[in-house]
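Student: Mind looking over this structure? Questions follow.
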Amino acid sequence: MAMTVDTPAPAAARSLAEQRSRFREGKAALMAHFRESRATAPAATRLVRALARHVDQTLLGLWEHAMMPPGAALLAVGGYGRAELYPHSDVDVLVLLPPGDALHNARIGAPGSDNDALKSSVEGFITACWDLGLEIGSSVRTVDECVAEAHGDVTVQTALLESRYLCGSKRVFNAFRRANAAAMDAKAFLRAKTLEMRQRHQKYEDTPYSLEPNCKESPGGLRDLQMVVWIARAAGLGRTWTELATKGLITPFEVKQLQRNEGLLRLIRARLHMVAGRREDRLVFDLQTAVAESFGYETTQMRRASEQLMHRYYWAAKAVTQLNQILVLNIEERINGSQDAPMRPIGTHFFDRAGMLEVASDDLYEREPHTILETFLVYQQTPGIKGLSARTLRALYNAREVMDGDFRRDPANRAIFMQILQQPEGQTHAFRLMNQTSVLGRYLWVFRRIVGQMQHDLFHVYTVDQHILMVLRNVRRFFIPEHAHEYPFCSQLASTWDRPYVLYIAALFHDVAKGRGGDHSDLGATEVRRFCRDHGLDKDDTVLAEFLVKGHLTMSRIAQKEDLSDPEVIENFAQLVGTERRLTALYLLTVADIRGTSPKVWNAWKGKLLEDLYRLTLRALGGATPNMDAEIEARRQDARHTLNLYSLLPGTEVPLWKTLELSYFARHDAGDIAWHARSLFRHVTSTEPIVRARLSSVGEGLQVLVYAPDRPDLFARICGYFDGAGFNILDAKIHTTRAGYALDTFQVISPQMEQHYRDLISLVETQAALALKAEGPLPDPSRGRLSRRVKSFPITPRVLLRPDERGQRWLLSVSTSDRSGLLYAISRVLARHHINLQLAKITTLGERVEDTFLIDGSALQQNRTQIEIESELLDAIT
């Protein structure tokens with residue numbers, strides 16, 4: 001049912017109040033009709049065009065009411081010029097003045113009765129627009145000024161390109177149109193818009209898969225489609241998809257795809273404006289659920305309503321990205337005449353056309369389907385090829401139906417796919433290009449299911465398919481000498497690895513089963529085993545790939561949550577991995593996986609924990625029986641050697657070391673042991689808190705030593721200080737000496753580290769010591785502000801308290817959304833019940849925390865008190 005508004009013919013006599021009432025009532029009626037209608041693309045198209053017509057009629061009335069002179073014209077420009085208005089879009093108009101000194105002077109305020117009258121009319125018209133509630137964006141120019149402005153600003157040039165006549169002088173409008181056309185340089189416009197698009201894409205993360213995309217400006221958004229039409233119009237090639245098809249620039253099939261995906265993006269943008277109640281083009285977390293529900297999506301056990309909407313959005317954005325690339329390249333060839341450029345044959349199926357890989361014929365893929373995958377192998381193998389031509393991209397786009405079950409089972413295709421994996425270089429670019437062109441999901445059907453799938457775990461910031469390709473890229477970089485400086489130890493291990501493709505396969509499959517329900521590691525292991533069998537991998541490679549996918553989370557969990565100084569932890573992990581080869585492969589995949597989740601997740605401390613676990617396990621795999629006494633003695637000797645380098649007298653360390661348990665030496669390396677002794681040898685019996693800080697030995701943040709007479713609330717006061725000073729605690733090693741002193745070491749980071757680390761060290765040493773002297777009750781923790789993402793996708797807080805395997809101490813596990821003051825809130829509860837803290841493993845995964853504490857205390861022996869502690873902890877972290 002078409003939307004109509006009862007808007008009578010404009011009349012100058014109608015009062016502004018009456019026009020305001022009619023405009024608002026009419027707009028409200030249109031929006032109410034849209035809100036109540038089914039969420040379909042035609043409904044959105046009708047809305048944006050009806051809103052434009054409604055504003056047209058309103059402006060005609062205001063133009064006459066302002067008594068504008070007959071020599072001027074009113075033009076709609078920008079999106080309004082396309083006769084499209086979203087519920088809260090700006091209304092961009094151009095008041096076009098004819099040439100002439102008198103009228104021109106009126107714009108700059110020169111005196112004169114005619115000038116004053118025109119100036120008054122223009123100002124009255126614009127003021128009336130605002131009074132009516134039109135969010136007007138106006139400019140007042142002559143034809144010559146329009147041409148001059150457009151020459152210096154491609155944004156102005158683009159807005160004028162879409163101009164539409166509303167009312168006033170047709171003569172001046174026609175002059176404007178002729179002048180604009182004469183001034184247009186299609187090649188320069190193409191270059192400017194291409195560079196502008198590149199900058200815009202970079203601003204919006206250069207991916208259509210951003211978790212909070214801008215449906216207008218992001219890659220794959222409406223702006224990418226509009227840009228194609230702008231360039232075509234500038235070159236005189238057409239104004240609509242149908243006209244472009246008539247000129248042979250796009251196929252009828254592509255026209256249908258363009259219209260379908262443009263319609264969906266238009267619908268999402270219109271619904272987004274309605275839900276937000278303002279001009280909002282970003283699908284931010286706060287609004288995704290409401291927009292999804294306006295589409296009729298409902299949350300199920302498997303998927304949130306917002307995930308269903310975003311999955312649909314990503315598929316549309318991906319299609320728009322593909323079509324945009326095809327059309328821009330095609331129009332560029334037409335404008336620059338490069339379609340006639342000489343070509344160099346590459347084999348029998350392809351050509352090199354100015355560095356772009358081109359198919360020998362449009363129907364190549366239909367005739368010889370195996371050449372689809374061969375495209376990417378040739379792309380890898382041929383120096384100088386920097387991309388696929390418009391003809392090749394179009395052929396791939398139109399050949400998607402060819403990639404069916406028979407295509408996937410074809411031994412020739414399986415052999416080519418393995419060749420792509422086994423090439424000496426180019427896997428990252430090849431697989432990204434395969435995903436962009438939908439070939440990867442068509443060939444690996446299991447991969448197709450996770451394209452555009454969101455991960456609301458407050459940890460990953462990429463969709464599943466983009467995360468997988470990021471992990472593949474990270475693994476690949478370990479084997480590239482130019483990137484050895486990034487992670488030298490990983491590059492060192494990779495340099496001795498003989499079959500990198502096994503790691504690439506594991507990277508491709510490690511998260512491929514997400515979103516199905518069940519354990520994605522187990523399901524993924526089944527998928528990778530099937531892939532290896534179908535693609536002829538030998539038994540050893542198949543078993544390794546399956547092991548890696550099944551256990552890809554194990555190493556990071558042990559490194560970040562368990563006590564690496566416990567020989568039993570290392571021995572159990574060594575038995576799990578079994579061989580040095582499997583250990584090395586799992587280590588490389590783990591580092592690549594953590595780095596591929598989010599730029600915020602990886603840090604040097606996590607890197608150190610993983611490397612420590614690798615080295616300890618490697619030693620155990622070598623047959624060395626864990627001998628903690630020998631290890632501790634070796635650390636003491638290394639520490640003494642370091643103390644000698646600082647010219648400390650032999651035996652300086654003895655008074656401190658006599659007070660320390662063996663567990664202290666087991667949990668600290670020789671460098672930390674020497675630093676502690678050097679910092680504390682004069683203060684072993686001090687009654688005042690001693691705080692020392694230094695740049696962390698792992699290369700990020702500060703290492704802070706706290707030595708003070710022990711007291712139940714000491715850890716809580718330390719956490720309270722760090723929280724108030726803006727530090728994040730990455731790790732805490734807690735030790736209580738035989739003499740009743742706390743000797744605690746913290747790894748902390750701060751945003752102020754890089755510029756002011758010397759001042760920061762001094763500040764920490766002074767202020768932390770003062771904070772630890774404080775008496776009286778602990779101050780209440782601040783209720784840290786939650787991020788928008790945490791608010792939109794909260795996770796259920798969990799507290800688990802259980803005895804360790806030996807039954808001597810207790811393990812406390814806490815999982816919740818991250819916020820400032822969280823660790824302090826936890827430590828206050830422990831202090832209130834006089835719980836002793838032995839070890840704290842602080843794990844921050846994006847905006848989620850999973851902390852583990854090793855604790856003891858008499859209160860833990862009573863079931864009632866245990867329940868009370870767990871309940872208070874849940875209250876503290878909720």
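Naming works like this for the structure tokens: A, B, ... for the chains as they're shown, residue 1 at the start of each chain, ligands 1 onward in shown order.
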Quick one: everything within 9 Å of Ala716 (chain A), counting only C-alpha atoms, minus sequence neighbours fewer than 2 positions away in the same chain. Send it as a list of chain:residue names.

Tutor: A:Pro712, A:Asp713, A:Leu714, A:Ile718, A:Cys719, A:Gly720, A:Tyr721, A:Leu778, A:Leu823, A:Tyr824, A:Ala825, A:Ile826, A:Ser827, A:Arg828, A:Val829, A:Leu830, A:Ala831

Student: Give me a file of those residues, with all heavy atoms, as a tab-separated table (two decimals), in the first residue's frame.

Tutor:
chain	number	residue	atom	x	y	z
A	712	PRO	N	45.40	-8.30	57.27
A	712	PRO	CA	44.33	-8.90	56.45
A	712	PRO	C	43.91	-8.05	55.26
A	712	PRO	O	43.51	-8.59	54.23
A	712	PRO	CB	43.18	-9.08	57.45
A	712	PRO	CG	43.85	-9.17	58.78
A	712	PRO	CD	45.04	-8.25	58.70
A	713	ASP	N	43.97	-6.72	55.39
A	713	ASP	CA	43.46	-5.87	54.31
A	713	ASP	C	44.56	-5.33	53.41
A	713	ASP	O	44.31	-4.42	52.61
A	713	ASP	CB	42.63	-4.72	54.90
A	713	ASP	CG	43.50	-3.77	55.74
A	713	ASP	OD1	44.69	-4.05	55.94
A	713	ASP	OD2	42.95	-2.73	56.17
A	714	LEU	N	45.78	-5.88	53.53
A	714	LEU	CA	46.90	-5.30	52.78
A	714	LEU	C	46.68	-5.41	51.27
A	714	LEU	O	46.84	-4.42	50.53
A	714	LEU	CB	48.21	-5.99	53.18
A	714	LEU	CG	49.47	-5.45	52.48
A	714	LEU	CD1	49.72	-4.00	52.88
A	714	LEU	CD2	50.69	-6.32	52.80
A	718	ILE	N	46.37	-2.35	48.48
A	718	ILE	CA	47.22	-2.23	47.29
A	718	ILE	C	46.36	-2.10	46.04
A	718	ILE	O	46.58	-1.22	45.19
A	718	ILE	CB	48.15	-3.46	47.17
A	718	ILE	CG1	49.12	-3.52	48.35
A	718	ILE	CG2	48.93	-3.41	45.86
A	718	ILE	CD1	49.91	-4.82	48.43
A	719	CYS	N	45.36	-2.97	45.91
A	719	CYS	CA	44.46	-2.91	44.75
A	719	CYS	C	43.70	-1.58	44.71
A	719	CYS	O	43.49	-1.02	43.63
A	719	CYS	CB	43.46	-4.07	44.78
A	719	CYS	SG	44.22	-5.69	44.57
A	720	GLY	N	43.30	-1.10	45.88
A	720	GLY	CA	42.61	0.18	45.92
A	720	GLY	C	43.48	1.32	45.43
A	720	GLY	O	43.01	2.22	44.72
A	721	TYR	N	44.77	1.28	45.78
A	721	TYR	CA	45.67	2.33	45.29
A	721	TYR	C	45.79	2.27	43.77
A	721	TYR	O	45.67	3.29	43.08
A	721	TYR	CB	47.06	2.20	45.93
A	721	TYR	CG	48.08	3.02	45.17
A	721	TYR	CD1	48.07	4.41	45.24
A	721	TYR	CD2	48.97	2.42	44.28
A	721	TYR	CE1	48.94	5.18	44.49
A	721	TYR	CE2	49.84	3.17	43.53
A	721	TYR	CZ	49.83	4.55	43.63
A	721	TYR	OH	50.68	5.31	42.87
A	778	LEU	N	38.25	0.07	55.03
A	778	LEU	CA	38.55	0.25	53.60
A	778	LEU	C	37.47	1.12	52.97
A	778	LEU	O	36.29	0.95	53.26
A	778	LEU	CB	38.58	-1.10	52.89
A	778	LEU	CG	39.75	-2.02	53.25
A	778	LEU	CD1	39.47	-3.44	52.75
A	778	LEU	CD2	41.04	-1.50	52.65
A	823	LEU	N	38.96	-5.57	40.80
A	823	LEU	CA	39.86	-6.37	41.64
A	823	LEU	C	39.82	-5.85	43.09
A	823	LEU	O	39.91	-6.64	44.04
A	823	LEU	CB	41.28	-6.31	41.08
A	823	LEU	CG	42.28	-7.27	41.70
A	823	LEU	CD1	41.81	-8.71	41.62
A	823	LEU	CD2	43.65	-7.12	41.02
A	824	TYR	N	39.69	-4.57	43.26
A	824	TYR	CA	39.59	-4.01	44.60
A	824	TYR	C	38.32	-4.51	45.30
A	824	TYR	O	38.33	-4.87	46.48
A	824	TYR	CB	39.61	-2.49	44.53
A	824	TYR	CG	39.42	-1.79	45.86
A	824	TYR	CD1	40.16	-2.16	46.98
A	824	TYR	CD2	38.49	-0.77	46.01
A	824	TYR	CE1	39.99	-1.53	48.20
A	824	TYR	CE2	38.31	-0.12	47.22
A	824	TYR	CZ	39.06	-0.51	48.32
A	824	TYR	OH	38.89	0.10	49.53
A	825	ALA	N	37.22	-4.55	44.57
A	825	ALA	CA	35.96	-5.02	45.15
A	825	ALA	C	36.09	-6.48	45.60
A	825	ALA	O	35.58	-6.86	46.67
A	825	ALA	CB	34.83	-4.88	44.14
A	826	ILE	N	36.78	-7.30	44.80
A	826	ILE	CA	36.98	-8.71	45.17
A	826	ILE	C	37.87	-8.80	46.40
A	826	ILE	O	37.58	-9.55	47.36
A	826	ILE	CB	37.62	-9.48	43.99
A	826	ILE	CG1	36.64	-9.54	42.81
A	826	ILE	CG2	38.03	-10.89	44.41
A	826	ILE	CD1	37.25	-10.07	41.53
A	827	SER	N	38.96	-8.03	46.41
A	827	SER	CA	39.92	-8.13	47.51
A	827	SER	C	39.31	-7.65	48.84
A	827	SER	O	39.69	-8.13	49.91
A	827	SER	CB	41.18	-7.32	47.18
A	827	SER	OG	40.89	-5.95	47.04
A	828	ARG	N	38.37	-6.72	48.80
A	828	ARG	CA	37.70	-6.26	50.03
A	828	ARG	C	36.92	-7.40	50.68
A	828	ARG	O	36.89	-7.54	51.91
A	828	ARG	CB	36.76	-5.10	49.74
A	828	ARG	CG	37.46	-3.79	49.46
A	828	ARG	CD	36.48	-2.70	49.14
A	828	ARG	NE	35.88	-2.11	50.33
A	828	ARG	CZ	34.62	-2.29	50.72
A	828	ARG	NH1	33.81	-3.04	50.01
A	828	ARG	NH2	34.17	-1.71	51.81
A	829	VAL	N	36.27	-8.20	49.86
A	829	VAL	CA	35.52	-9.33	50.40
A	829	VAL	C	36.47	-10.32	51.07
A	829	VAL	O	36.21	-10.82	52.18
A	829	VAL	CB	34.70	-10.03	49.29
A	829	VAL	CG1	34.01	-11.28	49.84
A	829	VAL	CG2	33.67	-9.06	48.70
A	830	LEU	N	37.60	-10.61	50.39
A	830	LEU	CA	38.56	-11.54	50.97
A	830	LEU	C	39.13	-11.00	52.28
A	830	LEU	O	39.30	-11.75	53.25
A	830	LEU	CB	39.69	-11.80	49.97
A	830	LEU	CG	39.28	-12.41	48.61
A	830	LEU	CD1	40.51	-12.63	47.74
A	830	LEU	CD2	38.52	-13.71	48.80
A	831	ALA	N	39.41	-9.70	52.31
A	831	ALA	CA	39.96	-9.10	53.53
A	831	ALA	C	38.96	-9.16	54.68
A	831	ALA	O	39.34	-9.41	55.83
A	831	ALA	CB	40.36	-7.64	53.25

Student: Taking 4 positions as the minimum chain separation for residues in the same chain, which residues sit within 7 Å of Val154 (chain A) when counting only C-alpha atoms? Answer as number ranges by chain.

Tutor: A: 150, 158, 192

Student: Take the residues from that selection and put them in a file with N, CA, C and O atoms, as a PDB file, in the first residue's frame.

Tutor:
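Okay, out07.pdb is ready:
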ATOM      1  N   ALA A 150      32.909  23.938  -6.715  1.00  0.00           N
ATOM      2  CA  ALA A 150      33.017  22.539  -7.117  1.00  0.00           C
ATOM      3  C   ALA A 150      34.426  22.215  -7.598  1.00  0.00           C
ATOM      4  O   ALA A 150      34.937  21.116  -7.372  1.00  0.00           O
ATOM      5  N   THR A 158      30.218  16.814  -5.869  1.00  0.00           N
ATOM      6  CA  THR A 158      29.337  15.643  -5.811  1.00  0.00           C
ATOM      7  C   THR A 158      27.916  16.052  -5.453  1.00  0.00           C
ATOM      8  O   THR A 158      26.950  15.559  -6.052  1.00  0.00           O
ATOM      9  N   ALA A 192      39.552  11.548  -7.695  1.00  0.00           N
ATOM     10  CA  ALA A 192      39.244  12.158  -6.400  1.00  0.00           C
ATOM     11  C   ALA A 192      38.294  11.282  -5.586  1.00  0.00           C
ATOM     12  O   ALA A 192      38.476  11.089  -4.385  1.00  0.00           O
TER      13      ALA A 192
END

Student: For the atom pair CA of His88 (chain A) and CA of Thr321 (chain A), what is the interatomic distance in Å to one decimal place?

Tutor: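 That distance, rounded to one decimal, is 25.9 Å.
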
Student: Would you mind writing down, as a CSV table (one decimal) with all heavy atoms, in the first residue's frame, each residue of region 149-333 of chain A that DSSP on the backbone assigns to strand (DSSP E or B)?

Tutor:
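So selection.csv came out as:
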chain,number,residue,atom,x,y,z
A,164,ARG,N,18.6,18.8,-8.0
A,164,ARG,CA,17.3,18.5,-8.6
A,164,ARG,C,16.5,19.8,-8.5
A,164,ARG,O,16.5,20.5,-7.4
A,164,ARG,CB,16.6,17.4,-7.8
A,164,ARG,CG,15.2,17.1,-8.2
A,164,ARG,CD,14.7,15.8,-7.6
A,164,ARG,NE,14.8,15.8,-6.1
A,164,ARG,CZ,13.7,16.2,-5.3
A,164,ARG,NH1,12.6,16.6,-5.9
A,164,ARG,NH2,13.8,16.2,-4.0
A,165,TYR,N,15.9,20.2,-9.6
A,165,TYR,CA,15.1,21.4,-9.6
A,165,TYR,C,13.8,21.3,-8.7
A,165,TYR,O,13.1,20.3,-8.8
A,165,TYR,CB,14.7,21.8,-11.0
A,165,TYR,CG,13.8,22.9,-11.2
A,165,TYR,CD1,14.2,24.3,-11.1
A,165,TYR,CD2,12.4,22.7,-11.4
A,165,TYR,CE1,13.3,25.3,-11.2
A,165,TYR,CE2,11.5,23.8,-11.5
A,165,TYR,CZ,12.0,25.1,-11.4
A,165,TYR,OH,11.1,26.1,-11.5
A,166,LEU,N,13.6,22.3,-7.9
A,166,LEU,CA,12.3,22.4,-7.1
A,166,LEU,C,11.4,23.5,-7.6
A,166,LEU,O,10.2,23.2,-7.9
A,166,LEU,CB,12.7,22.6,-5.6
A,166,LEU,CG,13.4,21.4,-4.9
A,166,LEU,CD1,13.8,21.8,-3.5
A,166,LEU,CD2,12.5,20.1,-4.9
A,167,CYS,N,11.9,24.7,-7.6
A,167,CYS,CA,11.0,25.8,-8.0
A,167,CYS,C,11.9,27.0,-8.4
A,167,CYS,O,13.1,27.0,-8.2
A,167,CYS,CB,10.0,26.1,-7.0
A,167,CYS,SG,10.8,26.6,-5.4
A,168,GLY,N,11.3,28.0,-8.9
A,168,GLY,CA,12.0,29.2,-9.2
A,168,GLY,C,12.3,29.3,-10.7
A,168,GLY,O,11.6,28.7,-11.5
A,214,ASN,N,28.9,1.5,10.2
A,214,ASN,CA,28.1,2.6,9.7
A,214,ASN,C,27.4,2.2,8.4
A,214,ASN,O,28.1,2.0,7.4
A,214,ASN,CB,29.0,3.8,9.5
A,214,ASN,CG,28.2,5.1,9.2
A,214,ASN,OD1,27.4,5.1,8.3
A,214,ASN,ND2,28.4,6.1,10.0
A,282,ARG,N,25.1,4.6,12.5
A,282,ARG,CA,25.9,3.5,13.1
A,282,ARG,C,25.0,2.4,13.7
A,282,ARG,O,24.2,2.8,14.6
A,282,ARG,CB,26.9,4.0,14.1
A,282,ARG,CG,27.9,5.0,13.5
A,282,ARG,CD,28.6,5.7,14.7
A,282,ARG,NE,27.7,6.4,15.6
A,282,ARG,CZ,27.9,6.5,16.9
A,282,ARG,NH1,29.0,6.1,17.4
A,282,ARG,NH2,27.0,7.1,17.7

Student: Can you tell me how far CA of Arg635 (chain A) sits from CA of Arg682 (chain A), in Å to one decimal?

Tutor: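 Taking CA of Arg635 (chain A) as the start and CA of Arg682 (chain A) as the end point, the length is 21.7 Å.
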
Student: Using only C-alpha atoms, find the one residue out of A:Lys256, A:Met302, A:His735, A:Cys129 that sits nearest to Gly518 (chain A).

Tutor: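 Nearest to Gly518 (chain A): A:Met302.
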
Student: I'd like the contact shell of Val764 (chain A) - 8 Å cut-off, only C-alpha atoms, skipping same-chain residues fewer than 3 positions apart - returned as number ranges by chain.

Tutor: A: 691-693, 760-761, 767-768

Student: May I have the residues within 12 Å of Asn728 (chain A) as a ChimeraX atom specification, using only C-alpha atoms and disregarding those fewer than 5 positions away in the same chain?

Tutor: /A:701-703,719-723,746-753,818-824,842-844,849

Student: Write a file of the just-selected residues containing C-alpha atoms, as a PDB file, in the first residue's frame.

Tutor:
ATOM      1  CA  GLY A 701      54.258  -1.504  31.989  1.00  0.00           C
ATOM      2  CA  LEU A 702      55.762  -1.430  35.449  1.00  0.00           C
ATOM      3  CA  GLN A 703      56.854  -4.084  37.888  1.00  0.00           C
ATOM      4  CA  CYS A 719      44.460  -2.911  44.749  1.00  0.00           C
ATOM      5  CA  GLY A 720      42.606   0.184  45.925  1.00  0.00           C
ATOM      6  CA  TYR A 721      45.667   2.329  45.294  1.00  0.00           C
ATOM      7  CA  PHE A 722      46.254   0.952  41.788  1.00  0.00           C
ATOM      8  CA  ASP A 723      42.587   1.390  40.937  1.00  0.00           C
ATOM      9  CA  PHE A 746      52.633  -6.736  40.591  1.00  0.00           C
ATOM     10  CA  GLN A 747      52.725  -6.278  36.835  1.00  0.00           C
ATOM     11  CA  VAL A 748      50.741  -3.113  36.043  1.00  0.00           C
ATOM     12  CA  ILE A 749      50.128  -0.940  33.004  1.00  0.00           C
ATOM     13  CA  SER A 750      48.946   2.646  32.610  1.00  0.00           C
ATOM     14  CA  PRO A 751      48.003   4.795  29.579  1.00  0.00           C
ATOM     15  CA  GLN A 752      50.533   7.407  30.829  1.00  0.00           C
ATOM     16  CA  MET A 753      53.488   5.009  30.686  1.00  0.00           C
ATOM     17  CA  ASP A 818      35.599  -5.829  33.132  1.00  0.00           C
ATOM     18  CA  ARG A 819      35.347  -2.486  34.870  1.00  0.00           C
ATOM     19  CA  SER A 820      37.581  -0.253  36.955  1.00  0.00           C
ATOM     20  CA  GLY A 821      37.717  -1.140  40.657  1.00  0.00           C
ATOM     21  CA  LEU A 822      36.756  -4.782  40.080  1.00  0.00           C
ATOM     22  CA  LEU A 823      39.858  -6.365  41.643  1.00  0.00           C
ATOM     23  CA  TYR A 824      39.594  -4.012  44.602  1.00  0.00           C
ATOM     24  CA  ILE A 842      44.659 -11.764  36.447  1.00  0.00           C
ATOM     25  CA  THR A 843      43.329 -12.507  32.950  1.00  0.00           C
ATOM     26  CA  THR A 844      41.730  -9.724  30.928  1.00  0.00           C
ATOM     27  CA  VAL A 849      37.922 -10.855  33.007  1.00  0.00           C
TER      28      VAL A 849
END

Student: Which residues, written as a PDB file with N, CA and C atoms, in the first residue's frame, have at least one atom at most 9 Å from Val512 (chain A), with only C-alpha atoms counted and residues fewer than 3 positions away on the same chain left out?

Tutor:
ATOM      1  N   VAL A 446      31.810 -25.474   5.083  1.00  0.00           N
ATOM      2  CA  VAL A 446      31.792 -25.267   6.530  1.00  0.00           C
ATOM      3  C   VAL A 446      32.209 -23.837   6.870  1.00  0.00           C
ATOM      4  N   PHE A 447      33.061 -23.228   6.045  1.00  0.00           N
ATOM      5  CA  PHE A 447      33.493 -21.848   6.262  1.00  0.00           C
ATOM      6  C   PHE A 447      32.356 -20.877   5.945  1.00  0.00           C
ATOM      7  N   ARG A 449      29.354 -21.020   6.615  1.00  0.00           N
ATOM      8  CA  ARG A 449      28.400 -20.868   7.708  1.00  0.00           C
ATOM      9  C   ARG A 449      28.826 -19.806   8.714  1.00  0.00           C
ATOM     10  N   ILE A 450      30.110 -19.468   8.766  1.00  0.00           N
ATOM     11  CA  ILE A 450      30.555 -18.496   9.771  1.00  0.00           C
ATOM     12  C   ILE A 450      30.913 -17.143   9.138  1.00  0.00           C
ATOM     13  N   VAL A 464      33.617 -14.073  12.863  1.00  0.00           N
ATOM     14  CA  VAL A 464      34.381 -15.315  12.941  1.00  0.00           C
ATOM     15  C   VAL A 464      35.263 -15.496  11.712  1.00  0.00           C
ATOM     16  N   ASP A 465      34.722 -15.248  10.513  1.00  0.00           N
ATOM     17  CA  ASP A 465      35.535 -15.452   9.305  1.00  0.00           C
ATOM     18  C   ASP A 465      36.715 -14.492   9.257  1.00  0.00           C
ATOM     19  N   ILE A 468      39.377 -15.697  11.731  1.00  0.00           N
ATOM     20  CA  ILE A 468      40.118 -16.842  11.193  1.00  0.00           C
ATOM     21  C   ILE A 468      41.170 -16.385  10.193  1.00  0.00           C
ATOM     22  N   LEU A 508      42.732 -22.179   9.719  1.00  0.00           N
ATOM     23  CA  LEU A 508      41.472 -22.071   8.993  1.00  0.00           C
ATOM     24  C   LEU A 508      40.319 -22.755   9.718  1.00  0.00           C
ATOM     25  N   PHE A 509      40.625 -23.811  10.469  1.00  0.00           N
ATOM     26  CA  PHE A 509      39.557 -24.617  11.060  1.00  0.00           C
ATOM     27  C   PHE A 509      39.384 -24.416  12.559  1.00  0.00           C
ATOM     28  N   GLY A 515      29.134 -21.180  16.832  1.00  0.00           N
ATOM     29  CA  GLY A 515      27.744 -20.823  16.565  1.00  0.00           C
ATOM     30  C   GLY A 515      26.824 -22.006  16.339  1.00  0.00           C
ATOM     31  N   HIS A 520      32.918 -25.929  20.214  1.00  0.00           N
ATOM     32  CA  HIS A 520      33.378 -25.671  18.847  1.00  0.00           C
ATOM     33  C   HIS A 520      34.737 -26.297  18.576  1.00  0.00           C
ATOM     34  N   SER A 521      35.536 -26.544  19.625  1.00  0.00           N
ATOM     35  CA  SER A 521      36.838 -27.184  19.432  1.00  0.00           C
ATOM     36  C   SER A 521      36.664 -28.638  18.991  1.00  0.00           C
ATOM     37  N   LEU A 523      33.890 -29.983  17.616  1.00  0.00           N
ATOM     38  CA  LEU A 523      33.243 -30.002  16.300  1.00  0.00           C
ATOM     39  C   LEU A 523      34.224 -29.615  15.196  1.00  0.00           C
ATOM     40  N   GLY A 524      35.080 -28.626  15.493  1.00  0.00           N
ATOM     41  CA  GLY A 524      36.084 -28.220  14.507  1.00  0.00           C
ATOM     42  C   GLY A 524      37.090 -29.311  14.230  1.00  0.00           C
ATOM     43  N   GLU A 527      35.671 -31.541  11.714  1.00  0.00           N
ATOM     44  CA  GLU A 527      35.698 -30.923  10.381  1.00  0.00           C
ATOM     45  C   GLU A 527      37.093 -30.971   9.764  1.00  0.00           C
TER      46      GLU A 527
END

Student: Could you work out how far CA of Ser163 (chain A) lies from CA of Gly79 (chain A), giving the answer in Å with one decimal?

Tutor: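 CA of Gly79 (chain A) sits 9.1 Å away from CA of Ser163 (chain A).
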
Student: I'd like the contact shell of Ala506 (chain A) - 12 Å cut-off, only C-alpha atoms, skipping same-chain residues fewer than 3 positions apart - returned as a PyMOL selection string.

Tutor: chain A and resi 421+468-469+471-472+475-476+500-503+509-512+521+524-529+531-532+541-552+585-586+588-590+592-593
